[in-house]
Structure formats: C-alpha cells, structure tokens
>>> print(open('protein-v8.pdb').read())   # PDB, C-alpha atoms, pLDDT in the B column
ATOM      1  CA  GLU C   1     103.148 -12.604  18.401  1.00 67.00           C
ATOM      2  CA  ALA C   2      99.613 -12.058  19.691  1.00 72.00           C
ATOM      3  CA  VAL C   3      98.818 -15.753  19.200  1.00 70.00           C
ATOM      4  CA  GLU C   4     101.894 -16.765  21.186  1.00 69.00           C
ATOM      5  CA  ASP C   5     101.018 -14.340  24.003  1.00 72.00           C
ATOM      6  CA  ALA C   6      97.480 -15.739  24.191  1.00 73.00           C
ATOM      7  CA  ARG C   7      98.773 -19.306  24.278  1.00 68.00           C
ATOM      8  CA  ALA C   8     101.198 -18.420  27.078  1.00 71.00           C
ATOM      9  CA  ALA C   9      98.429 -16.775  29.119  1.00 73.00           C
ATOM     10  CA  LEU C  10      96.022 -19.683  28.697  1.00 71.00           C
ATOM     11  CA  ASN C  11      98.557 -22.408  29.420  1.00 65.00           C
ATOM     12  CA  ALA C  12     100.553 -20.680  32.172  1.00 63.00           C
ATOM     13  CA  THR C  13     103.818 -20.802  30.247  1.00 61.00           C
ATOM     14  CA  PRO C  14     106.430 -18.042  30.130  1.00 57.00           C
ATOM     15  CA  GLU C  15     105.626 -15.361  27.596  1.00 54.00           C
ATOM     16  CA  PRO C  16     107.897 -15.805  24.580  1.00 54.00           C
ATOM     17  CA  GLY C  17     107.855 -12.123  23.668  1.00 51.00           C
ATOM     18  CA  THR C  18     108.359 -12.860  19.972  1.00 54.00           C
ATOM     19  CA  GLY C  19     106.442 -14.475  17.161  1.00 51.00           C
ATOM     20  CA  GLU C  20     107.440 -17.607  15.300  1.00 55.00           C
ATOM     21  CA  SER C  21     107.879 -18.609  11.699  1.00 58.00           C
ATOM     22  CA  LEU C  22     107.815 -22.348  11.102  1.00 59.00           C
ATOM     23  CA  TRP C  23     107.618 -24.607   8.072  1.00 67.00           C
ATOM     24  CA  ILE C  24     105.217 -27.299   9.202  1.00 69.00           C
ATOM     25  CA  GLY C  25     104.289 -30.180   6.962  1.00 72.00           C
ATOM     26  CA  HIS C  26     102.390 -33.443   7.140  1.00 75.00           C
ATOM     27  CA  ALA C  27     103.591 -36.361   5.022  1.00 82.00           C
ATOM     28  CA  SER C  28     102.096 -39.843   5.030  1.00 88.00           C
ATOM     29  CA  LEU C  29     102.504 -43.152   3.235  1.00 93.00           C
ATOM     30  CA  ARG C  30      99.542 -45.523   3.177  1.00 95.00           C
ATOM     31  CA  PHE C  31      99.289 -49.187   2.232  1.00 96.00           C
ATOM     32  CA  ASP C  32      95.950 -50.828   1.416  1.00 96.00           C
ATOM     33  CA  ALA C  33      95.493 -54.538   0.827  1.00 96.00           C
ATOM     34  CA  ALA C  34      92.335 -56.410  -0.184  1.00 95.00           C
ATOM     35  CA  PHE C  35      92.370 -60.133   0.552  1.00 92.00           C
ATOM     36  CA  ASP C  36      88.918 -60.819  -0.856  1.00 89.00           C
ATOM     37  CA  GLU C  37      85.597 -59.027  -1.293  1.00 87.00           C
ATOM     38  CA  GLN C  38      85.015 -58.962   2.464  1.00 92.00           C
ATOM     39  CA  LEU C  39      88.414 -58.594   4.165  1.00 95.00           C
ATOM     40  CA  SER C  40      90.886 -55.725   3.710  1.00 96.00           C
ATOM     41  CA  ALA C  41      93.673 -54.082   5.719  1.00 96.00           C
ATOM     42  CA  THR C  42      95.260 -50.634   5.947  1.00 96.00           C
ATOM     43  CA  VAL C  43      98.538 -49.383   7.411  1.00 96.00           C
ATOM     44  CA  GLU C  44      99.601 -45.728   7.300  1.00 93.00           C
ATOM     45  CA  LEU C  45     102.884 -44.131   8.364  1.00 91.00           C
ATOM     46  CA  THR C  46     102.883 -40.393   9.011  1.00 84.00           C
ATOM     47  CA  SER C  47     104.964 -37.496  10.255  1.00 79.00           C
ATOM     48  CA  ARG C  48     103.442 -35.246  12.895  1.00 74.00           C
ATOM     49  CA  PRO C  49     103.117 -31.476  12.260  1.00 73.00           C
ATOM     50  CA  PHE C  50     102.361 -30.904  15.942  1.00 69.00           C
ATOM     51  CA  ASP C  51     102.373 -32.941  19.137  1.00 66.00           C
ATOM     52  CA  ASP C  52     100.901 -32.142  22.564  1.00 61.00           C
ATOM     53  CA  GLY C  53     100.747 -28.421  21.814  1.00 61.00           C
ATOM     54  CA  SER C  54     104.197 -28.102  20.239  1.00 65.00           C
ATOM     55  CA  ASP C  55     104.695 -27.305  16.551  1.00 66.00           C
ATOM     56  CA  LEU C  56     107.108 -29.703  14.884  1.00 69.00           C
ATOM     57  CA  SER C  57     108.787 -27.973  11.971  1.00 66.00           C
ATOM     58  CA  TRP C  58     110.469 -30.092   9.319  1.00 65.00           C
ATOM     59  CA  GLY C  59     114.117 -30.772   9.959  1.00 57.00           C
ATOM     60  CA  SER C  60     114.255 -28.914  13.279  1.00 53.00           C
ATOM     61  CA  ASN C  61     114.881 -31.976  15.407  1.00 56.00           C
ATOM     62  CA  PRO C  62     115.098 -35.580  14.167  1.00 55.00           C
ATOM     63  CA  GLU C  63     113.682 -36.819  17.474  1.00 55.00           C
ATOM     64  CA  THR C  64     110.479 -34.775  17.152  1.00 53.00           C
ATOM     65  CA  THR C  65     109.905 -35.439  13.450  1.00 55.00           C
ATOM     66  CA  SER C  66     109.932 -39.214  13.743  1.00 66.00           C
ATOM     67  CA  VAL C  67     107.540 -41.223  11.594  1.00 75.00           C
ATOM     68  CA  ARG C  68     104.739 -42.991  13.448  1.00 80.00           C
ATOM     69  CA  VAL C  69     102.051 -45.541  12.652  1.00 85.00           C
ATOM     70  CA  SER C  70      98.868 -43.478  12.509  1.00 85.00           C
ATOM     71  CA  LYS C  71      96.540 -46.142  11.098  1.00 90.00           C
ATOM     72  CA  ALA C  72      96.550 -49.933  11.229  1.00 94.00           C
ATOM     73  CA  TRP C  73      93.190 -51.635  10.914  1.00 95.00           C
ATOM     74  CA  LEU C  74      91.282 -54.586   9.503  1.00 96.00           C
ATOM     75  CA  ASP C  75      87.973 -54.094   7.680  1.00 95.00           C
ATOM     76  CA  LEU C  76      85.364 -56.822   7.392  1.00 95.00           C
ATOM     77  CA  GLU C  77      82.364 -56.190   5.153  1.00 93.00           C
ATOM     78  CA  ASP C  78      79.012 -58.002   5.393  1.00 89.00           C
ATOM     79  CA  LEU C  79      79.736 -59.443   8.820  1.00 88.00           C
ATOM     80  CA  LEU C  80      77.016 -62.029   9.600  1.00 87.00           C
ATOM     81  CA  THR C  81      74.564 -60.039   7.480  1.00 87.00           C
ATOM     82  CA  PRO C  82      74.773 -57.773   4.423  1.00 89.00           C
ATOM     83  CA  ARG C  83      75.612 -54.068   5.053  1.00 90.00           C
ATOM     84  CA  LEU C  84      77.178 -54.741   8.461  1.00 94.00           C
ATOM     85  CA  HIS C  85      80.743 -53.390   8.582  1.00 95.00           C
ATOM     86  CA  LEU C  86      83.416 -54.012  11.248  1.00 96.00           C
ATOM     87  CA  ARG C  87      86.709 -52.107  11.650  1.00 95.00           C
ATOM     88  CA  VAL C  88      89.266 -53.085  14.318  1.00 96.00           C
ATOM     89  CA  GLY C  89      92.605 -51.414  15.049  1.00 94.00           C
ATOM     90  CA  ILE C  90      94.291 -47.998  15.174  1.00 91.00           C
ATOM     91  CA  GLN C  91      91.897 -45.588  13.490  1.00 89.00           C
ATOM     92  CA  ASP C  92      90.631 -42.013  13.481  1.00 82.00           C
ATOM     93  CA  PHE C  93      87.263 -41.514  15.113  1.00 80.00           C
ATOM     94  CA  SER C  94      86.153 -38.615  12.922  1.00 74.00           C
ATOM     95  CA  HIS C  95      82.405 -38.230  12.586  1.00 70.00           C
ATOM     96  CA  ARG C  96      81.609 -36.331   9.419  1.00 65.00           C
ATOM     97  CA  LEU C  97      77.881 -35.775   9.566  1.00 61.00           C
ATOM     98  CA  ARG C  98      77.852 -32.718   7.345  1.00 61.00           C
ATOM     99  CA  PRO C  99      77.294 -33.170   3.615  1.00 57.00           C
ATOM    100  CA  GLN C 100      80.494 -31.287   2.732  1.00 58.00           C
ATOM    101  CA  GLY C 101      82.586 -33.596   4.918  1.00 62.00           C
ATOM    102  CA  GLU C 102      83.850 -31.402   7.756  1.00 66.00           C
ATOM    103  CA  PRO C 103      84.233 -33.276  11.074  1.00 68.00           C
ATOM    104  CA  PHE C 104      81.444 -32.692  13.570  1.00 64.00           C
ATOM    105  CA  PHE C 105      81.405 -33.417  17.318  1.00 65.00           C
ATOM    106  CA  LEU C 106      84.558 -35.538  17.308  1.00 70.00           C
ATOM    107  CA  ASP C 107      87.828 -35.622  15.365  1.00 72.00           C
ATOM    108  CA  THR C 108      90.686 -37.409  17.105  1.00 72.00           C
ATOM    109  CA  SER C 109      92.994 -36.716  14.155  1.00 67.00           C
ATOM    110  CA  GLY C 110      93.410 -33.026  15.017  1.00 63.00           C
ATOM    111  CA  SER C 111      92.507 -32.172  18.612  1.00 62.00           C
ATOM    112  CA  GLU C 112      94.142 -32.103  22.013  1.00 61.00           C
ATOM    113  CA  SER C 113      93.571 -34.694  24.700  1.00 61.00           C
ATOM    114  CA  PHE C 114      90.069 -34.313  26.113  1.00 62.00           C
ATOM    115  CA  TYR C 115      91.443 -33.539  29.589  1.00 59.00           C
ATOM    116  CA  ALA C 116      94.622 -31.684  28.551  1.00 56.00           C
ATOM    117  CA  GLY C 117      95.427 -28.734  30.770  1.00 51.00           C
ATOM    118  CA  ALA C 118      92.394 -29.270  32.989  1.00 50.00           C
ATOM    119  CA  SER C 119      93.857 -27.628  36.075  1.00 49.00           C
ATOM    120  CA  GLY C 120      92.883 -24.567  38.039  1.00 47.00           C
ATOM    121  CA  GLY C 121      89.503 -24.434  36.351  1.00 47.00           C
ATOM    122  CA  VAL C 122      91.016 -23.333  33.016  1.00 49.00           C
ATOM    123  CA  ARG C 123      91.184 -25.766  30.129  1.00 47.00           C
ATOM    124  CA  THR C 124      93.846 -25.718  27.470  1.00 46.00           C
ATOM    125  CA  THR C 125      92.346 -24.117  24.386  1.00 51.00           C
ATOM    126  CA  SER C 126      95.287 -23.800  22.016  1.00 52.00           C
ATOM    127  CA  ASP C 127      97.404 -26.916  22.475  1.00 55.00           C
ATOM    128  CA  ARG C 128      96.040 -29.266  19.848  1.00 60.00           C
ATOM    129  CA  ASP C 129      97.378 -32.754  19.431  1.00 65.00           C
ATOM    130  CA  LEU C 130      97.285 -35.729  17.078  1.00 69.00           C
ATOM    131  CA  LEU C 131      95.749 -38.752  18.748  1.00 70.00           C
ATOM    132  CA  HIS C 132      95.739 -42.252  17.268  1.00 76.00           C
ATOM    133  CA  PRO C 133      93.203 -44.278  19.245  1.00 83.00           C
ATOM    134  CA  ALA C 134      92.817 -48.019  18.896  1.00 90.00           C
ATOM    135  CA  GLY C 135      89.373 -49.497  19.047  1.00 92.00           C
ATOM    136  CA  VAL C 136      86.377 -51.097  17.381  1.00 95.00           C
ATOM    137  CA  ARG C 137      83.760 -49.596  15.083  1.00 93.00           C
ATOM    138  CA  LEU C 138      80.613 -51.484  14.081  1.00 94.00           C
ATOM    139  CA  GLN C 139      78.420 -49.876  11.435  1.00 92.00           C
ATOM    140  CA  TYR C 140      75.142 -51.090   9.958  1.00 94.00           C
ATOM    141  CA  ASP C 141      73.653 -49.375   6.916  1.00 89.00           C
ATOM    142  CA  VAL C 142      69.956 -49.962   7.403  1.00 89.00           C
ATOM    143  CA  ALA C 143      69.049 -47.924   4.320  1.00 83.00           C
ATOM    144  CA  ASP C 144      70.450 -45.118   2.199  1.00 75.00           C
ATOM    145  CA  VAL C 145      69.062 -42.587   4.673  1.00 84.00           C
ATOM    146  CA  LEU C 146      69.930 -44.396   7.925  1.00 88.00           C
ATOM    147  CA  SER C 147      73.220 -45.709   9.313  1.00 89.00           C
ATOM    148  CA  LEU C 148      73.703 -47.066  12.845  1.00 92.00           C
ATOM    149  CA  GLU C 149      77.119 -47.103  14.497  1.00 92.00           C
ATOM    150  CA  ALA C 150      78.643 -48.278  17.774  1.00 93.00           C
ATOM    151  CA  SER C 151      82.275 -47.351  18.539  1.00 92.00           C
ATOM    152  CA  TRP C 152      84.725 -47.812  21.382  1.00 92.00           C
ATOM    153  CA  GLY C 153      88.283 -46.528  21.466  1.00 89.00           C
ATOM    154  CA  LEU C 154      91.239 -46.148  23.826  1.00 86.00           C
ATOM    155  CA  LEU C 155      93.358 -43.011  23.474  1.00 79.00           C
ATOM    156  CA  THR C 156      96.837 -43.509  24.913  1.00 71.00           C
ATOM    157  CA  GLU C 157      99.196 -40.576  25.297  1.00 58.00           C
ATOM    158  CA  GLY C 158     102.366 -42.636  25.310  1.00 52.00           C
ATOM    159  CA  GLY C 159     103.335 -41.477  28.806  1.00 49.00           C
ATOM    160  CA  ARG C 160     101.738 -42.031  32.190  1.00 50.00           C
ATOM    161  CA  ALA C 161      98.655 -44.233  32.296  1.00 50.00           C
ATOM    162  CA  VAL C 162      96.846 -41.426  34.123  1.00 52.00           C
ATOM    163  CA  ASP C 163      96.873 -39.445  30.855  1.00 60.00           C
ATOM    164  CA  ASP C 164      95.003 -42.144  28.931  1.00 73.00           C
ATOM    165  CA  GLU C 165      91.308 -41.931  28.219  1.00 80.00           C
ATOM    166  CA  SER C 166      88.559 -43.917  26.535  1.00 85.00           C
ATOM    167  CA  MET C 167      85.512 -43.081  24.462  1.00 86.00           C
ATOM    168  CA  ALA C 168      82.264 -44.856  23.636  1.00 90.00           C
ATOM    169  CA  LEU C 169      79.735 -43.699  21.070  1.00 90.00           C
ATOM    170  CA  LEU C 170      76.326 -44.763  19.782  1.00 91.00           C
ATOM    171  CA  GLN C 171      74.834 -42.867  16.882  1.00 89.00           C
ATOM    172  CA  ALA C 172      72.333 -42.884  14.063  1.00 90.00           C
ATOM    173  CA  THR C 173      73.057 -40.717  11.033  1.00 84.00           C
ATOM    174  CA  GLY C 174      71.791 -40.217   7.542  1.00 82.00           C
ATOM    175  CA  LEU C 175      71.943 -38.004   4.447  1.00 76.00           C
ATOM    176  CA  LEU C 176      68.472 -37.039   3.281  1.00 79.00           C
ATOM    177  CA  SER C 177      69.968 -35.143   0.342  1.00 78.00           C
ATOM    178  CA  GLU C 178      73.287 -33.674  -0.771  1.00 75.00           C
ATOM    179  CA  ARG C 179      72.620 -30.700   1.504  1.00 79.00           C
ATOM    180  CA  LEU C 180      70.708 -32.157   4.448  1.00 83.00           C
ATOM    181  CA  SER C 181      71.938 -34.581   7.102  1.00 81.00           C
ATOM    182  CA  TYR C 182      70.702 -35.559  10.551  1.00 84.00           C
ATOM    183  CA  PHE C 183      72.092 -37.339  13.608  1.00 84.00           C
ATOM    184  CA  LEU C 184      71.156 -38.824  16.959  1.00 89.00           C
ATOM    185  CA  LEU C 185      74.039 -39.668  19.272  1.00 87.00           C
ATOM    186  CA  GLY C 186      75.094 -40.586  22.763  1.00 91.00           C
ATOM    187  CA  ALA C 187      78.723 -40.519  23.875  1.00 88.00           C
ATOM    188  CA  LEU C 188      80.910 -41.002  26.923  1.00 88.00           C
ATOM    189  CA  MET C 189      84.490 -39.763  27.397  1.00 83.00           C
ATOM    190  CA  ALA C 190      86.256 -41.211  30.444  1.00 83.00           C
ATOM    191  CA  GLY C 191      89.647 -40.497  31.966  1.00 77.00           C
ATOM    192  CA  SER C 192      91.518 -42.428  34.609  1.00 73.00           C
ATOM    193  CA  ARG C 193      89.762 -40.785  37.586  1.00 74.00           C
ATOM    194  CA  PRO C 194      86.092 -41.126  38.587  1.00 76.00           C
ATOM    195  CA  ASP C 195      85.544 -37.370  38.146  1.00 78.00           C
ATOM    196  CA  GLN C 196      86.821 -37.504  34.540  1.00 79.00           C
ATOM    197  CA  ARG C 197      83.616 -38.717  32.941  1.00 84.00           C
ATOM    198  CA  VAL C 198      81.722 -36.557  30.465  1.00 84.00           C
ATOM    199  CA  SER C 199      78.589 -37.882  28.771  1.00 88.00           C
ATOM    200  CA  THR C 200      76.392 -36.264  26.152  1.00 87.00           C
ATOM    201  CA  VAL C 201      73.274 -37.099  24.164  1.00 92.00           C
ATOM    202  CA  GLY C 202      71.630 -35.085  21.441  1.00 88.00           C
ATOM    203  CA  PHE C 203      69.811 -34.784  18.148  1.00 89.00           C
ATOM    204  CA  GLY C 204      70.356 -32.366  15.327  1.00 85.00           C
ATOM    205  CA  ALA C 205      70.278 -31.640  11.627  1.00 84.00           C
ATOM    206  CA  ASP C 206      72.620 -29.817   9.303  1.00 80.00           C
ATOM    207  CA  PHE C 207      71.427 -27.963   6.195  1.00 81.00           C
ATOM    208  CA  TYR C 208      73.439 -26.150   3.554  1.00 77.00           C
ATOM    209  CA  PRO C 209      71.226 -23.671   1.649  1.00 77.00           C
ATOM    210  CA  LEU C 210      73.764 -23.024  -1.152  1.00 69.00           C
TER     211      LEU C 210
END
>>> encode(input="protein-v8.pdb", output="structure tokens")
Amino acid sequence: EAVEDARAALNATPEPGTGESLWIGHASLRFDAAFDEQLSATVELTSRPFDDGSDLSWGSNPETTSVRVSKAWLDLEDLLTPRLHLRVGIQDFSHRLRPQGEPFFLDTSGSESFYAGASGGVRTTSDRDLLHPAGVRLQYDVADVLSLEASWGLLTEGGRAVDDESMALLQATGLLSERLSYFLLGALMAGSRPDQRVSTVGFGADFYPL
C-alpha cells in the first residue's frame, strides 16, 4: 500500500487507499535466421508486463495483454572491413558496460519515456515503461580492449507525435579484465520541443573487487 500511495503522490493521481496483488509475467518468442556468415535477422514477439506506468497482469484484459513485436533487426558483420558490425531495425539500446552485464546509463527495455510526467517541475519516478526504439547501431571492435559505437534511435510512444523522442550516442568501451571495464560517451536525448534536449558527456570505470 505504501508503494501505491507514493506513486499516487508523485504522479498526481487519486490515492488508491489499498495495495495490489498482481500476477505479472513476460513471455516472448524469438526467431533467428542466418543467411550466410555475414547477414542474419531476428524477430521477437513479446507480451508486456507493464506499459506506460500500468501493470498488466496476465489474463486481466485481452486488450492490454496483446502480443507486440519487440525486436526486428538485420545484422551485417564485417561491413566494408573486418570487425565492423551494423544493426538496423527495432532493437533495445541497452549499454552493458559492467562486467557482470547489468545495464548502465541507458536501457530502453525497462524504463519510462525520458520526458514522461515532466510537468510542474516534478518528474515521474515510478511509471516505468517498455520502449521499442527503431534505429541504427554501428560498432567497430578495434581490439579486445576497445570497441567504438555510434547509435541513433527513434522512440515512438504510439500516440501523439509530441510524445516521441530520439536519441544519439557515441561511445568507446572496453573490458580490461573480467572485473574491470571503462567507457567514454557522449549522448543526446531530444523530444519534440526545442527545450526537450538533454546532452551528456563523461568518462568512467567500473571495478568489481570480488
């Protein structure tokens, strides 16, 4: 109940007054096809456990538990030169710089819209969403300890065009060992209005002592 009260206060919705018990699940079916050593394709169908801040319990409403295409991309290896990789299509932009694989900085597969609830100076903090952006990712593995990547994606909300946003990212990453990784990145998130532009640049390292 405390979680629901906090969500209501943050998002200016009526207080529910009671807790909730939901059976939420995430099922997916993925198809992978390799045409040759360089070209492959992936399509994935998935159910959504939550959408735009609302939990979607299994069997509660056929309209809200519809299956959607969450991934549909083409992969091209060794484009023009060895170790240059191109991916085009609907894809997750999840940057896993940590050795253990947790997303860092960006994970469009489990976060709310970047500008969701941005009214009255208070941002939505509890209404996560599943976004399926379409875009292009170009990655070049210079060496085992250095990978360069350029990405651009468009995140559409399926409603008004004013809710759509885009992202652009340049980064260099590498694993120096099983426990040590580093990154250098620059990114831009842009909404439909001129004031909805957030850029960032930074460098960092991540070390696991155990």
>>> residues_around(input="protein-v8.pdb", residues="Leu138 in chain C", least_positions_apart="5", cutoff="9 Å", atoms="all atoms listed in the file", output="list in words")
Leu84, His85, Leu86, Arg87, Val88, Leu148, Glu149, Ala150 and Ser151 of chain C
>>> atom_distance(input="protein-v8.pdb", atom1="CA of Asp206 in chain C", atom2="CA of Gly135 in chain C")
27.6 Å
>>> atom_distance(input="protein-v8.pdb", atom1="CA of Asp32 in chain C", atom2="CA of Leu45 in chain C")
11.9 Å
>>> closest_residue(input="protein-v8.pdb", among="C:Ala143, C:Leu106, C:Val69, C:Ala8", to="Ser28 in chain C", atoms="all atoms listed in the file")
C:Val69
>>> atom_distance(input="protein-v8.pdb", atom1="CA of Tyr182 in chain C", atom2="CA of Leu155 in chain C")
27.1 Å
>>> closest_residue(input="protein-v8.pdb", among="C:Tyr208, C:Tyr140, C:Phe35, C:Trp73", to="Thr173 in chain C", atoms="only C-alpha atoms")
C:Tyr140
>>> closest_residue(input="protein-v8.pdb", among="C:Ala34, C:Leu170, C:Leu176, C:Val67", to="Val201 in chain C", atoms="only C-alpha atoms")
C:Leu170
>>> resolve_selection(input="protein-v8.pdb", expression="the PyMOL selection byres ((chain C and resi 174) around 12)", output="tab-separated table (two decimals) with C-alpha atoms, in the frame of the given file")
chain	number	residue	atom	x	y	z
C	95	HIS	CA	82.40	-38.23	12.59
C	96	ARG	CA	81.61	-36.33	9.42
C	97	LEU	CA	77.88	-35.78	9.57
C	98	ARG	CA	77.85	-32.72	7.34
C	99	PRO	CA	77.29	-33.17	3.62
C	140	TYR	CA	75.14	-51.09	9.96
C	141	ASP	CA	73.65	-49.38	6.92
C	142	VAL	CA	69.96	-49.96	7.40
C	143	ALA	CA	69.05	-47.92	4.32
C	144	ASP	CA	70.45	-45.12	2.20
C	145	VAL	CA	69.06	-42.59	4.67
C	146	LEU	CA	69.93	-44.40	7.92
C	147	SER	CA	73.22	-45.71	9.31
C	148	LEU	CA	73.70	-47.07	12.84
C	149	GLU	CA	77.12	-47.10	14.50
C	171	GLN	CA	74.83	-42.87	16.88
C	172	ALA	CA	72.33	-42.88	14.06
C	173	THR	CA	73.06	-40.72	11.03
C	175	LEU	CA	71.94	-38.00	4.45
C	176	LEU	CA	68.47	-37.04	3.28
C	177	SER	CA	69.97	-35.14	0.34
C	178	GLU	CA	73.29	-33.67	-0.77
C	179	ARG	CA	72.62	-30.70	1.50
C	180	LEU	CA	70.71	-32.16	4.45
C	181	SER	CA	71.94	-34.58	7.10
C	182	TYR	CA	70.70	-35.56	10.55
C	183	PHE	CA	72.09	-37.34	13.61
C	184	LEU	CA	71.16	-38.82	16.96
C	185	LEU	CA	74.04	-39.67	19.27
C	204	GLY	CA	70.36	-32.37	15.33
C	205	ALA	CA	70.28	-31.64	11.63
C	206	ASP	CA	72.62	-29.82	9.30
>>> closest_residue(input="protein-v8.pdb", among="C:Thr46, C:Thr156, C:Thr81, C:Ser70", to="Ala27 in chain C", atoms="all atoms listed in the file")
C:Thr46
